[in-house]
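Trainee: query17.cif (mmCIF, C-alpha atoms) pasted underneath:
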```
data_work
#
loop_
_atom_site.label_atom_id
_atom_site.label_comp_id
_atom_site.auth_asym_id
_atom_site.auth_seq_id
_atom_site.Cartn_x
_atom_site.Cartn_y
_atom_site.Cartn_z
CA MET A 1 -43.45 171.31 134.52
CA GLU A 2 -46.14 171.10 137.16
CA GLN A 3 -45.27 171.60 140.79
CA PRO A 4 -46.39 168.71 143.01
CA LYS A 5 -49.26 169.30 145.44
CA THR A 6 -47.87 170.79 148.60
CA ASP A 7 -50.54 169.51 151.01
CA GLU A 8 -49.69 165.94 150.04
CA ASP A 9 -46.02 166.72 150.62
CA GLN A 10 -46.84 168.29 153.99
CA GLN A 11 -48.56 165.12 155.12
CA LEU A 12 -45.63 163.00 154.02
CA VAL A 13 -43.20 165.36 155.75
CA ALA A 14 -45.24 165.27 158.97
CA ARG A 15 -45.32 161.47 158.87
CA THR A 16 -41.57 161.34 158.28
CA GLN A 17 -41.00 163.71 161.19
CA SER A 18 -43.03 161.44 163.45
CA GLY A 19 -40.77 158.53 162.55
CA ASP A 20 -42.50 156.96 159.56
CA ALA A 21 -39.61 156.13 157.23
CA ALA A 22 -41.97 154.79 154.56
CA ALA A 23 -43.37 158.30 154.11
CA PHE A 24 -39.91 159.57 153.24
CA ASP A 25 -39.58 156.72 150.73
CA GLN A 26 -42.65 158.11 148.98
CA LEU A 27 -41.02 161.54 148.84
CA VAL A 28 -37.88 159.97 147.38
CA ILE A 29 -39.87 158.15 144.71
CA LYS A 30 -41.79 161.31 143.90
CA TYR A 31 -38.84 163.68 143.62
CA THR A 32 -36.10 161.45 142.18
CA PRO A 33 -36.94 162.02 138.49
CA ARG A 34 -37.22 165.80 138.91
CA LEU A 35 -34.05 166.15 140.95
CA TYR A 36 -32.22 163.77 138.63
CA GLY A 37 -32.99 166.10 135.72
CA LEU A 38 -31.84 169.12 137.71
CA VAL A 39 -28.53 167.61 138.87
CA TYR A 40 -27.79 165.79 135.63
CA ASN A 41 -28.19 168.93 133.53
CA MET A 42 -25.89 170.81 135.89
CA THR A 43 -23.16 168.13 135.93
CA SER A 44 -23.55 166.43 132.50
CA ASN A 45 -22.37 163.24 134.15
CA HIS A 46 -24.57 160.30 135.07
CA GLU A 47 -22.32 158.78 137.78
CA ASP A 48 -21.81 162.11 139.54
CA THR A 49 -25.54 162.72 139.37
CA ASN A 50 -26.29 159.36 140.97
CA ASP A 51 -23.85 159.93 143.85
CA LEU A 52 -25.06 163.47 144.40
CA LEU A 53 -28.69 162.42 144.39
CA GLN A 54 -28.03 159.80 147.07
CA ASP A 55 -26.24 162.40 149.18
CA ILE A 56 -29.03 164.93 148.66
CA PHE A 57 -31.74 162.56 149.90
CA SER A 58 -29.54 161.39 152.75
CA LYS A 59 -28.98 164.97 153.86
CA ALA A 60 -32.67 165.78 153.47
CA TYR A 61 -33.61 162.78 155.62
CA LYS A 62 -31.26 163.88 158.39
CA ALA A 63 -32.42 167.49 158.21
CA ILE A 64 -36.15 166.90 157.83
CA ARG A 65 -36.77 167.07 161.59
CA GLY A 66 -35.69 170.68 161.45
CA PHE A 67 -37.94 171.47 158.48
CA ARG A 68 -40.57 173.86 159.84
CA GLY A 69 -42.54 174.35 156.62
CA LYS A 70 -41.67 178.01 156.09
CA SER A 71 -41.23 177.11 152.43
CA SER A 72 -42.77 174.18 150.57
CA PHE A 73 -40.97 170.84 150.63
CA TYR A 74 -40.56 171.25 146.87
CA THR A 75 -38.57 174.48 147.32
CA TRP A 76 -36.66 173.08 150.29
CA ILE A 77 -35.47 169.90 148.58
CA HIS A 78 -34.60 171.80 145.39
CA SER A 79 -32.54 174.27 147.46
CA ILE A 80 -30.60 171.40 149.01
CA ALA A 81 -30.06 169.85 145.58
CA VAL A 82 -28.86 173.06 143.92
CA ASN A 83 -26.56 174.04 146.80
CA MET A 84 -24.99 170.61 147.05
CA THR A 85 -24.51 170.42 143.28
CA LEU A 86 -22.94 173.89 143.14
CA ASN A 87 -20.57 172.91 145.98
CA PHE A 88 -19.71 169.70 144.15
CA LEU A 89 -19.03 171.56 140.89
CA LYS A 90 -16.73 174.00 142.68
CA LYS A 91 -14.70 171.08 144.05
CA ARG A 92 -14.72 169.23 140.74
CA GLY A 93 -13.47 172.25 138.84
CA ARG A 94 -12.60 171.73 135.20
CA ARG A 95 -11.58 168.08 135.62
CA PHE A 96 -14.58 166.20 134.35
CA HIS A 97 -15.81 164.24 131.38
CA LEU A 98 -19.23 164.14 129.83
CA SER A 99 -21.12 160.96 130.68
CA LEU A 100 -24.36 161.51 128.88
CA ASP A 101 -27.55 159.55 129.17
CA ASP A 102 -29.17 158.18 126.04
CA VAL A 103 -31.75 160.33 124.33
CA ASP A 104 -35.15 158.74 124.63
CA THR A 105 -36.48 157.74 121.22
CA SER A 106 -39.80 159.38 122.02
CA ILE A 107 -38.11 162.68 121.14
CA GLN A 108 -39.00 161.88 117.52
CA ASN A 109 -42.64 162.48 118.41
CA ASP A 110 -42.02 165.66 120.36
CA LYS A 111 -43.92 168.60 118.92
CA GLU A 112 -41.12 171.08 119.54
CA PHE A 113 -38.52 168.76 118.07
CA LEU A 114 -40.62 168.34 114.96
CA GLU A 115 -41.00 172.11 114.73
CA LEU A 116 -37.26 172.63 115.10
CA THR A 117 -36.38 170.06 112.49
CA ALA A 118 -38.91 171.63 110.16
CA THR A 119 -37.74 175.22 110.56
CA SER A 120 -34.12 175.10 111.68
CA SER A 121 -31.68 173.68 109.18
CA PRO A 122 -28.89 172.88 111.71
CA VAL A 123 -31.23 170.74 113.81
CA ARG A 124 -32.56 169.04 110.70
CA GLU A 125 -29.10 168.23 109.39
CA ALA A 126 -27.47 167.10 112.63
CA ASP A 127 -28.14 163.67 114.02
CA LEU A 128 -29.52 163.36 117.55
CA SER A 129 -26.26 162.46 119.26
CA GLU A 130 -24.52 165.40 117.61
CA LEU A 131 -27.28 167.74 118.72
CA GLN A 132 -27.03 166.36 122.25
CA ARG A 133 -23.25 166.77 122.35
CA ARG A 134 -23.42 170.36 121.10
CA LEU A 135 -26.11 171.32 123.60
CA ASN A 136 -24.21 169.80 126.51
CA GLU A 137 -20.95 171.41 125.49
CA ALA A 138 -22.66 174.77 125.25
CA MET A 139 -24.21 174.27 128.68
CA MET A 140 -20.89 173.32 130.24
CA LYS A 141 -19.33 176.54 128.96
CA LEU A 142 -21.68 178.53 131.18
CA SER A 143 -20.73 179.30 134.77
CA ASP A 144 -22.24 176.97 137.38
CA GLU A 145 -24.70 179.63 138.61
CA HIS A 146 -25.87 180.48 135.08
CA ARG A 147 -26.24 176.80 134.21
CA ALA A 148 -28.37 176.30 137.31
CA VAL A 149 -30.75 179.07 136.21
CA VAL A 150 -30.90 177.83 132.62
CA THR A 151 -31.59 174.27 133.79
CA MET A 152 -34.38 175.30 136.11
CA PHE A 153 -36.01 177.73 133.68
CA HIS A 154 -35.59 176.16 130.23
CA ILE A 155 -35.31 172.46 131.00
CA GLN A 156 -37.35 172.09 134.19
CA GLY A 157 -39.85 174.80 133.27
CA MET A 158 -39.83 176.57 136.64
CA PRO A 159 -41.13 180.13 136.92
CA HIS A 160 -38.75 182.96 137.87
CA SER A 161 -40.37 183.32 141.28
CA GLU A 162 -39.69 179.68 142.20
CA ILE A 163 -36.09 179.88 141.00
CA SER A 164 -35.55 183.01 143.08
CA LYS A 165 -36.85 181.20 146.19
CA ILE A 166 -34.63 178.18 145.58
CA LEU A 167 -31.51 180.25 144.95
CA ARG A 168 -32.46 182.89 147.53
CA VAL A 169 -31.83 185.72 145.12
CA SER A 170 -34.21 188.33 143.73
CA GLU A 171 -36.31 187.67 140.65
CA GLY A 172 -34.38 190.47 138.93
CA THR A 173 -31.15 188.55 139.50
CA VAL A 174 -32.74 185.43 138.03
CA ARG A 175 -33.88 187.33 134.93
CA SER A 176 -30.51 188.99 134.45
CA ARG A 177 -28.65 185.67 134.81
CA LEU A 178 -31.02 184.12 132.32
CA PHE A 179 -30.56 186.96 129.84
CA TYR A 180 -26.76 186.73 130.08
CA ALA A 181 -26.81 182.92 129.77
CA ASN A 182 -29.05 183.07 126.69
CA ARG A 183 -26.63 185.48 124.99
CA GLN A 184 -23.74 183.16 125.75
CA LEU A 185 -25.64 180.12 124.49
CA GLN A 186 -26.47 182.00 121.28
CA ASN A 187 -22.75 182.56 120.70
CA TYR A 188 -21.80 178.96 121.47
CA LEU A 189 -24.57 177.51 119.33
CA ASP A 190 -23.76 179.85 116.47
CA GLU A 191 -20.93 177.50 115.57
CA PHE A 192 -23.44 174.67 115.48
CA ARG A 193 -25.69 176.71 113.22
CA LYS A 194 -22.86 177.36 110.79
CA ASN A 195 -21.50 173.83 110.87
CA PRO A 196 -24.27 171.46 112.00
CA VAL A 197 -22.50 168.17 111.29
CA GLY A 198 -19.42 169.09 113.36
CA MET B 1 -32.19 182.88 110.01
CA ASP B 2 -28.91 184.31 111.30
CA GLU B 3 -28.86 182.90 114.82
CA PHE B 4 -30.98 181.07 117.33
CA ASN B 5 -33.32 183.40 119.15
CA ASP B 6 -34.29 183.02 122.82
CA ASN B 7 -37.37 181.03 121.91
CA GLU B 8 -35.39 178.55 119.82
CA ILE B 9 -32.74 178.21 122.50
CA GLY B 10 -35.46 177.41 124.97
CA LYS B 11 -36.93 174.80 122.63
CA LEU B 12 -33.52 173.24 122.01
CA LEU B 13 -32.74 173.04 125.70
CA ARG B 14 -36.12 171.52 126.48
CA LEU B 15 -35.07 168.60 124.27
CA LYS B 16 -32.57 167.74 126.98
CA ARG B 17 -35.50 166.36 128.95
CA TYR B 18 -35.29 163.34 126.70
CA GLU B 19 -31.86 162.47 128.05
CA GLN B 20 -32.85 159.72 130.44
CA PRO B 21 -30.88 157.37 132.72
CA PRO B 22 -30.75 153.64 131.91
CA PRO B 23 -34.05 151.73 132.19
CA GLY B 24 -34.86 150.66 135.74
CA TYR B 25 -32.67 153.37 137.26
CA PHE B 26 -35.49 155.12 139.11
CA GLU B 27 -36.97 151.81 140.26
CA ASN B 28 -33.65 150.74 141.79
CA PHE B 29 -32.79 154.14 143.21
CA LEU B 30 -34.77 153.60 146.42
CA HIS B 31 -33.12 150.21 147.08
CA GLU B 32 -29.73 151.80 146.55
CA PHE B 33 -30.71 154.62 148.92
CA HIS B 34 -31.68 152.12 151.64
CA ARG B 35 -28.48 150.15 151.13
CA ARG B 36 -26.33 153.28 151.47
CA GLN B 37 -28.21 154.36 154.58
CA ARG B 38 -27.57 150.97 156.20
CA ASP B 39 -23.87 151.17 155.33
CA GLU B 40 -23.69 154.67 156.73
CA LEU B 41 -25.39 153.55 159.92
CA LEU B 42 -22.89 150.71 160.39
CA ARG B 43 -20.00 153.11 160.04
CA GLU B 44 -21.39 155.57 162.58
CA PRO B 45 -20.15 155.38 166.20
CA LEU B 46 -22.63 154.09 168.76
CA TRP B 47 -22.81 157.35 170.70
CA ARG B 48 -23.93 159.24 167.61
CA ILE B 49 -26.65 156.71 166.87
CA LEU B 50 -27.86 156.96 170.47
CA LEU B 51 -27.79 160.75 170.29
CA GLU B 52 -29.85 160.75 167.10
CA ARG B 53 -32.34 158.28 168.56
CA THR B 54 -32.68 160.42 171.69
CA GLN B 55 -33.21 163.53 169.62
CA GLY B 56 -35.85 161.71 167.62
CA PHE B 57 -37.57 160.54 170.78
CA ILE B 58 -37.60 164.04 172.27
CA PHE B 59 -38.89 165.44 169.00
CA ARG B 60 -41.72 162.89 168.93
CA LEU B 61 -42.60 163.78 172.52
CA ASP B 62 -42.99 167.36 171.35
CA VAL B 63 -41.49 168.98 174.44
CA ARG B 64 -42.88 172.39 173.47
CA SER B 65 -46.44 171.18 173.91
CA LEU B 66 -45.54 169.83 177.34
CA THR B 67 -44.41 173.27 178.45
CA SER B 68 -47.89 174.76 178.37
CA TYR B 69 -49.06 176.66 181.46
CA PRO B 70 -51.33 173.98 182.99
CA ALA B 71 -48.66 171.33 182.52
CA ALA B 72 -46.00 173.61 183.99
CA ILE B 73 -48.19 174.45 187.03
CA ALA B 74 -48.97 170.78 187.57
CA ALA B 75 -45.28 169.91 187.41
CA VAL B 76 -44.44 172.65 189.95
CA LEU B 77 -47.19 171.46 192.32
CA VAL B 78 -45.99 167.85 192.16
CA CYS B 79 -42.40 168.95 192.84
CA ALA B 80 -43.53 171.13 195.74
CA ALA B 81 -45.55 168.24 197.25
CA VAL B 82 -42.62 165.85 197.01
CA ILE B 83 -40.19 168.34 198.56
CA SER B 84 -42.56 169.26 201.41
CA LEU B 85 -43.12 165.58 202.22
CA LYS B 86 -39.39 165.11 202.48
CA ILE B 87 -39.02 168.15 204.70
CA TYR B 88 -41.78 167.07 207.11
CA GLN B 89 -40.43 163.54 207.36
CA GLU B 90 -36.76 164.28 207.87
CA PRO B 91 -36.70 166.47 211.05
CA GLY B 92 -38.47 163.81 213.17
CA ALA B 93 -36.12 161.10 212.08
CA ALA B 94 -33.18 163.38 212.63
CA ASN B 95 -34.25 164.14 216.20
CA VAL B 96 -34.55 160.47 217.09
CA VAL B 97 -31.13 159.84 215.68
CA ALA B 98 -29.76 162.79 217.53
CA LEU B 99 -31.17 161.45 220.80
CA GLN B 100 -30.12 157.90 220.24
CA SER B 101 -26.70 158.45 218.80
CA GLY B 102 -25.64 161.98 219.34
CA PRO B 103 -21.93 161.28 219.79
CA ALA B 104 -21.98 158.56 217.17
CA LEU B 105 -22.67 161.08 214.41
CA SER B 106 -19.04 161.94 214.44
CA THR B 107 -18.07 158.31 213.93
CA ALA B 108 -19.70 157.64 210.60
CA VAL B 109 -17.60 154.67 209.75
CA ASN B 110 -18.48 151.06 209.17
CA ALA B 111 -17.68 148.17 211.40
CA GLU B 112 -14.15 147.89 210.07
CA GLY B 113 -13.62 151.55 210.60
CA GLU B 114 -13.04 152.23 206.95
CA TRP B 115 -14.72 154.56 204.48
CA THR B 116 -16.41 152.90 201.54
CA LEU B 117 -18.61 154.06 198.66
CA ALA B 118 -20.99 151.16 199.19
CA SER B 119 -23.75 153.19 200.80
CA PRO B 120 -24.36 156.84 201.53
CA ALA B 121 -22.65 158.20 204.60
CA ALA B 122 -25.93 159.45 206.09
CA THR B 123 -27.48 155.99 206.00
CA ARG B 124 -24.55 154.53 207.81
CA ILE B 125 -24.71 157.25 210.43
CA PHE B 126 -28.37 156.57 211.13
CA ARG B 127 -27.77 152.84 211.38
CA ALA B 128 -24.65 153.07 213.49
CA GLN B 129 -24.82 151.68 217.00
CA PRO B 130 -24.74 154.37 219.68
CA LEU B 131 -21.61 154.40 221.76
CA ARG B 132 -23.56 154.99 224.94
CA SER B 133 -27.15 154.34 225.77
CA LEU B 134 -29.43 156.90 227.38
CA ASN B 135 -29.35 154.91 230.64
CA GLU B 136 -25.61 155.01 230.82
CA SER B 137 -25.54 158.72 230.24
CA ALA B 138 -28.19 159.11 232.95
CA ASN B 139 -25.79 157.54 235.45
CA THR B 140 -23.10 160.04 234.77
CA HIS B 141 -25.28 163.14 234.67
CA ARG B 142 -27.58 163.22 237.65
CA ALA B 143 -29.89 166.18 237.84
CA ALA B 144 -29.66 166.55 241.64
CA ILE B 145 -25.90 166.82 241.88
CA PRO B 146 -24.34 169.87 240.34
CA PRO B 147 -21.55 169.11 237.95
CA ARG B 148 -18.05 169.05 239.35
CA TYR B 149 -15.10 170.25 237.42
CA VAL B 150 -11.82 168.61 238.33
CA LEU B 151 -8.53 169.83 237.06
CA ASP B 152 -6.33 166.95 236.09
CA SER B 153 -3.17 168.88 236.53
CA VAL B 154 -1.99 172.00 238.25
CA PRO B 155 -1.91 175.04 236.00
CA VAL B 156 1.56 176.09 234.96
CA SER B 157 1.27 179.41 236.76
CA TYR B 158 0.68 177.60 240.11
CA GLU B 159 3.87 175.61 239.91
CA SER B 160 6.82 176.98 241.75
CA THR B 161 9.33 178.50 239.43
CA PHE B 162 12.40 177.31 241.27
CA ARG B 163 12.98 173.94 242.80
CA PHE B 164 15.98 173.06 244.87
#
```
What is this structure when it is put down as structure tokens?
Mentor:
Amino acid sequence: MEQPKTDEDQQLVARTQSGDAAAFDQLVIKYTPRLYGLVYNMTSNHEDTNDLLQDIFSKAYKAIRGFRGKSSFYTWIHSIAVNMTLNFLKKRGRRFHLSLDDVDTSIQNDKEFLELTATSSPVREADLSELQRRLNEAMMKLSDEHRAVVTMFHIQGMPHSEISKILRVSEGTVRSRLFYANRQLQNYLDEFRKNPVG
Amino acid sequence: MDEFNDNEIGKLLRLKRYEQPPPGYFENFLHEFHRRQRDELLREPLWRILLERTQGFIFRLDVRSLTSYPAAIAAVLVCAAVISLKIYQEPGAANVVALQSGPALSTAVNAEGEWTLASPAATRIFRAQPLRSLNESANTHRAAIPPRYVLDSVPVSYESTFRF
């Protein structure tokens, strides 16, 4: 996924800092879909995601005066989102239920989906909702930190370097978390492979 | 194929991008954000709102840019000019007051003889009527006649110790 142009963000940030609230609205519009994907795939709950996203933008608006541009706005807002979501998940603990969004029907035209259904028998045999449920269950079995890395790398398509900046850990740590999470996902999805229709 | 490899796991997870919120969610998100901000603002105490506004104002002023050397020197010069004007004005006024109402300085009370917080004490002192005019004092202290010191009573040591 392509990273938004930073100079455009810088201008919007500068305008917001000088009191132009409409500039922050543009940043909200621009980043809502991306951050929604990030938070939703970490929580697997639409309502929690909505509340968190409101809190994230509210916090960002209050803190933007102190934003000095040492990192890009993209990295900064993602850091806020990840930290707030991880804090929320710690408080929520194990008491949660999946509240999944509908799968967009355009998935049927996705090249990778077509490839998977052509080559992988479990994906071919399972219906979409079953596939979605299995994937989300597997994701929720990961620790919060591992799920964050998997979401950013596999789902959001961020490079290791960007993830390391957002999480403030080394790239080596990102790679090792990703490796460990992939092994775990392989084990969890093995059941799905053996019994695709659940 | 025995198990999903890393590549297939990646492809499977990328399909999660197609999980999307209800239609119109992103369009309404900004309205919801504004509504929540208004609600939050109404719940906040007035002092915090004022504090935030002040911080915003100071930030917009960009105080750091005002603290450049020329600005700092100019500010110091203006302060110095104001202070020196005050200093040169005050001694003259003070002397006049001292001449006109030297003894009255100790009676810095209003007409009713009570202390109030209505005006500064110094102002009242300067405006107070002198107890004696210069002419009156001239009558009592003549330059030609040397001052006489009169004892009102006999010192204790001069009194006779025994009286019969």
Trainee: Can you tell me how far CA of Glu112 (chain A) sits from CA of Gly24 (chain B), in Å to one decimal?
Mentor: 26.8 Å
Trainee: Taking only C-alpha atoms into account, what are the residues of chain B at most 10 Å from chain A, put as an MDAnalysis selection string?
Mentor: chainID B and resid 1:22 25:27 29:34 36:37 40 52 55:57 59:62
Trainee: Residue by residue, what does the PyMOL selection byres ((chain A and resi 74-78) around 8) grab here? Present the result as a list in words.
Mentor: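 Selection result, ordered by chain and number: Gln3, Pro4, Thr6, Leu35, Ala60, Ser71, Ser72, Phe73, Ser79, Ile80, Ala81, Val82, Glu162, Lys165 and Ile166 of chain A.
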Trainee: Separation of CA of Asp7 (chain A) and CA of Lys70 (chain A), in Å?
Mentor: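 For CA of Asp7 (chain A) relative to CA of Lys70 (chain A), the distance reads 13.3 Å.
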Trainee: Take CA of Gln89 (chain B) and CA of Ala71 (chain B) and report the distance between them in Å, one decimal.
Mentor: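 Pair CA of Gln89 (chain B) / CA of Ala71 (chain B) returns 27.3 Å.
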Trainee: Name the residues captured by the PyMOL selection byres ((chain A and resi 142) around 10) when it is applied to the shown file; answer as a PDB file with C-alpha atoms, in the frame of the given file.
Mentor:
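The file below, out28.pdb, is the result:
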```pdb
ATOM      1  CA  MET A  42     -25.890 170.810 135.890  1.00  0.00           C
ATOM      2  CA  GLU A 137     -20.950 171.410 125.490  1.00  0.00           C
ATOM      3  CA  ALA A 138     -22.660 174.770 125.250  1.00  0.00           C
ATOM      4  CA  MET A 139     -24.210 174.270 128.680  1.00  0.00           C
ATOM      5  CA  MET A 140     -20.890 173.320 130.240  1.00  0.00           C
ATOM      6  CA  LYS A 141     -19.330 176.540 128.960  1.00  0.00           C
ATOM      7  CA  SER A 143     -20.730 179.300 134.770  1.00  0.00           C
ATOM      8  CA  ASP A 144     -22.240 176.970 137.380  1.00  0.00           C
ATOM      9  CA  GLU A 145     -24.700 179.630 138.610  1.00  0.00           C
ATOM     10  CA  HIS A 146     -25.870 180.480 135.080  1.00  0.00           C
ATOM     11  CA  ARG A 147     -26.240 176.800 134.210  1.00  0.00           C
ATOM     12  CA  ALA A 148     -28.370 176.300 137.310  1.00  0.00           C
ATOM     13  CA  VAL A 150     -30.900 177.830 132.620  1.00  0.00           C
ATOM     14  CA  TYR A 180     -26.760 186.730 130.080  1.00  0.00           C
ATOM     15  CA  ALA A 181     -26.810 182.920 129.770  1.00  0.00           C
ATOM     16  CA  ASN A 182     -29.050 183.070 126.690  1.00  0.00           C
ATOM     17  CA  GLN A 184     -23.740 183.160 125.750  1.00  0.00           C
ATOM     18  CA  LEU A 185     -25.640 180.120 124.490  1.00  0.00           C
ATOM     19  CA  TYR A 188     -21.800 178.960 121.470  1.00  0.00           C
TER      20      TYR A 188
END
```
